[in-house]
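**Student:** Shown below is the structure under consideration.
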Amino acid sequence: MNEFPVVVVGAGPVGLAAAAHVLERGLKPLVLEAGPVAGSAVTRWNHVRLFSPWSELVDPAAARLLEPTGWQRPDGDKYPTGATTGRPSSPGRSWST
Ligand SMILES: Cc1cc2nc3c(=O)[nH]c(=O)nc-3n(C[C@H](O)[C@H](O)[C@H](O)COP(=O)(O)OP(=O)(O)OC[C@H]3O[C@@H](n4cnc5c(N)ncnc54)[C@H](O)[C@@H]3O)c2cc1C
């Protein structure tokens with residue numbers, strides 16, 4: 001229908017979740033990130049613990065994309081730091097807090 005990708009500006013938590021939803025709808029996201037890595041803004045406060053638990057941070061569409069890769073859902077009751085929020089986990093590894 002539309003040959004152009006859906007452009008998502010910023011690969012922060014919200015931009016990446018938006019990209020996951022775009023993928024679920026069969027569209028192609030093009031994620032543009034000004035920083036050197038995804039989650040670049042979050043990496044600036046690596047040491048700070050969030051006030052939101054993991055249960056409020058994992059986007060459902062992102063989880064559906066990650067689960068087939070061996071990703072393990074973090075404990076929903078725990079509170080991550082910026083470091084663990086911004087860093088994608090490797091397949092088969094769980095998030096640390
Ligand atoms: C110390 C601290 C603690 C926080 N704790 C919580 C918490 O517990 N719970 C909570 O819900 N929120 C918390 N927040 C807020 C949190 O930052 C946001 O919820 C979350 O990061 C928002 O994600 P985002 O993707 O919208 O924005 P960001 O994380 O800011 O990501 C935006 C991304 O876009 C990129 N970008 C910006 N401009 C451009 C451009 N023109 N072109 C391309 N890329 C661009 C940036 O480099 C960045 O990577 C906290 C914030 C701070 C500072």
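Lettering and numbering for the structure tokens are positional, with chains as A, B, ... in the shown order, residues counted from 1 in each chain, and ligands counted from 1 in the shown order.
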Hey, which residues sit close to ligand 1? Say within 10 Å, counting only C-alpha atoms and all ligand atoms, and write them as JSON, numbers by chain.

**Tutor:** {"A": [8, 9, 10, 11, 12, 13, 14, 15, 16, 17, 18, 31, 32, 33, 34, 35, 36, 37, 38, 39, 40, 41, 42, 43, 44, 45, 46, 47, 48, 49, 50, 51, 52, 53, 54, 56, 57, 79, 80, 81, 82, 85, 86]}

**Student:** Taking the chain letters and numbering used in this document, name the residues of chain A that DSSP puts in strand (DSSP E or B), as a list in words.

**Tutor:**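 In chain A, DSSP puts these residues in strand (DSSP E or B): Val6, Val7, Val8, Val9, Pro29, Leu30, Val31, Leu32, Arg49, Gln72, Thr81 and Ser94 of chain A.
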
**Student:** Residues at most 12 Å from A:Leu65, counting only C-alpha atoms, excluding those fewer than 6 positions away in the same chain, as a list of chain:residue names?

**Tutor:**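 Answer for this query is A:Leu16, A:Ala17, A:Ala19, A:Ala20, A:His21, A:Val22, A:Leu23, A:Glu24, A:Val58, A:Asp59, A:Trp71, A:Gln72, A:Arg73, A:Pro91.
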
**Student:** Chain A: which residues are alpha helix (DSSP H) by DSSP, as a ChimeraX atom specification?

**Tutor:** /A:13-24,60-66,82-86

**Student:** Next, the residues of the selection above should be written as a PDB file, in the first residue's frame with N, CA and C atoms.

**Tutor:**
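What ended up in part.pdb:
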```pdb
ATOM      1  N   PRO A  13      13.227   4.373  24.959  1.00  0.00           N
ATOM      2  CA  PRO A  13      12.237   3.344  25.279  1.00  0.00           C
ATOM      3  C   PRO A  13      10.925   3.523  24.509  1.00  0.00           C
ATOM      4  N   VAL A  14      10.478   4.763  24.363  1.00  0.00           N
ATOM      5  CA  VAL A  14       9.198   4.999  23.688  1.00  0.00           C
ATOM      6  C   VAL A  14       9.330   4.777  22.184  1.00  0.00           C
ATOM      7  N   GLY A  15      10.415   5.268  21.598  1.00  0.00           N
ATOM      8  CA  GLY A  15      10.622   5.073  20.158  1.00  0.00           C
ATOM      9  C   GLY A  15      10.761   3.595  19.796  1.00  0.00           C
ATOM     10  N   LEU A  16      11.477   2.844  20.629  1.00  0.00           N
ATOM     11  CA  LEU A  16      11.649   1.419  20.338  1.00  0.00           C
ATOM     12  C   LEU A  16      10.338   0.661  20.502  1.00  0.00           C
ATOM     13  N   ALA A  17       9.541   1.053  21.505  1.00  0.00           N
ATOM     14  CA  ALA A  17       8.229   0.417  21.657  1.00  0.00           C
ATOM     15  C   ALA A  17       7.346   0.750  20.450  1.00  0.00           C
ATOM     16  N   ALA A  18       7.406   2.002  20.004  1.00  0.00           N
ATOM     17  CA  ALA A  18       6.626   2.396  18.823  1.00  0.00           C
ATOM     18  C   ALA A  18       7.047   1.565  17.610  1.00  0.00           C
ATOM     19  N   ALA A  19       8.364   1.354  17.456  1.00  0.00           N
ATOM     20  CA  ALA A  19       8.856   0.555  16.324  1.00  0.00           C
ATOM     21  C   ALA A  19       8.339  -0.878  16.404  1.00  0.00           C
ATOM     22  N   ALA A  20       8.252  -1.425  17.615  1.00  0.00           N
ATOM     23  CA  ALA A  20       7.730  -2.791  17.775  1.00  0.00           C
ATOM     24  C   ALA A  20       6.260  -2.851  17.338  1.00  0.00           C
ATOM     25  N   HIS A  21       5.503  -1.839  17.684  1.00  0.00           N
ATOM     26  CA  HIS A  21       4.087  -1.811  17.278  1.00  0.00           C
ATOM     27  C   HIS A  21       3.960  -1.650  15.762  1.00  0.00           C
ATOM     28  N   VAL A  22       4.836  -0.857  15.177  1.00  0.00           N
ATOM     29  CA  VAL A  22       4.817  -0.690  13.714  1.00  0.00           C
ATOM     30  C   VAL A  22       5.092  -2.032  13.038  1.00  0.00           C
ATOM     31  N   LEU A  23       6.100  -2.765  13.552  1.00  0.00           N
ATOM     32  CA  LEU A  23       6.432  -4.083  12.992  1.00  0.00           C
ATOM     33  C   LEU A  23       5.248  -5.043  13.100  1.00  0.00           C
ATOM     34  N   GLU A  24       4.567  -5.023  14.246  1.00  0.00           N
ATOM     35  CA  GLU A  24       3.418  -5.924  14.435  1.00  0.00           C
ATOM     36  C   GLU A  24       2.300  -5.654  13.435  1.00  0.00           C
ATOM     37  N   PRO A  60       4.270  -4.500  25.666  1.00  0.00           N
ATOM     38  CA  PRO A  60       3.780  -5.815  25.232  1.00  0.00           C
ATOM     39  C   PRO A  60       4.235  -6.205  23.827  1.00  0.00           C
ATOM     40  N   ALA A  61       4.220  -5.268  22.897  1.00  0.00           N
ATOM     41  CA  ALA A  61       4.637  -5.600  21.518  1.00  0.00           C
ATOM     42  C   ALA A  61       6.132  -5.917  21.478  1.00  0.00           C
ATOM     43  N   ALA A  62       6.922  -5.173  22.245  1.00  0.00           N
ATOM     44  CA  ALA A  62       8.361  -5.450  22.295  1.00  0.00           C
ATOM     45  C   ALA A  62       8.613  -6.825  22.906  1.00  0.00           C
ATOM     46  N   ALA A  63       7.847  -7.167  23.944  1.00  0.00           N
ATOM     47  CA  ALA A  63       8.009  -8.487  24.572  1.00  0.00           C
ATOM     48  C   ALA A  63       7.661  -9.593  23.579  1.00  0.00           C
ATOM     49  N   ARG A  64       6.612  -9.395  22.807  1.00  0.00           N
ATOM     50  CA  ARG A  64       6.226 -10.415  21.814  1.00  0.00           C
ATOM     51  C   ARG A  64       7.320 -10.601  20.765  1.00  0.00           C
ATOM     52  N   LEU A  65       8.021  -9.528  20.417  1.00  0.00           N
ATOM     53  CA  LEU A  65       9.127  -9.636  19.451  1.00  0.00           C
ATOM     54  C   LEU A  65      10.335 -10.340  20.068  1.00  0.00           C
ATOM     55  N   LEU A  66      10.586 -10.048  21.347  1.00  0.00           N
ATOM     56  CA  LEU A  66      11.795 -10.549  21.997  1.00  0.00           C
ATOM     57  C   LEU A  66      11.678 -12.007  22.446  1.00  0.00           C
ATOM     58  N   GLY A  82      19.021   2.930  35.193  1.00  0.00           N
ATOM     59  CA  GLY A  82      19.095   3.379  33.804  1.00  0.00           C
ATOM     60  C   GLY A  82      19.928   2.423  32.971  1.00  0.00           C
ATOM     61  N   ALA A  83      20.981   1.884  33.575  1.00  0.00           N
ATOM     62  CA  ALA A  83      21.872   0.979  32.832  1.00  0.00           C
ATOM     63  C   ALA A  83      21.139  -0.253  32.343  1.00  0.00           C
ATOM     64  N   THR A  84      20.329  -0.852  33.196  1.00  0.00           N
ATOM     65  CA  THR A  84      19.646  -2.076  32.793  1.00  0.00           C
ATOM     66  C   THR A  84      18.427  -1.786  31.933  1.00  0.00           C
ATOM     67  N   THR A  85      17.886  -0.584  32.022  1.00  0.00           N
ATOM     68  CA  THR A  85      16.742  -0.229  31.171  1.00  0.00           C
ATOM     69  C   THR A  85      17.194   0.007  29.738  1.00  0.00           C
ATOM     70  N   GLY A  86      18.321   0.665  29.590  1.00  0.00           N
ATOM     71  CA  GLY A  86      18.758   1.056  28.258  1.00  0.00           C
ATOM     72  C   GLY A  86      19.508  -0.016  27.508  1.00  0.00           C
TER      73      GLY A  86
END
```

**Student:** Could you state the separation of atom CA of A:Arg25 and atom CA of A:Val6 in Å, given to one decimal place?

**Tutor:** 11.0 Å
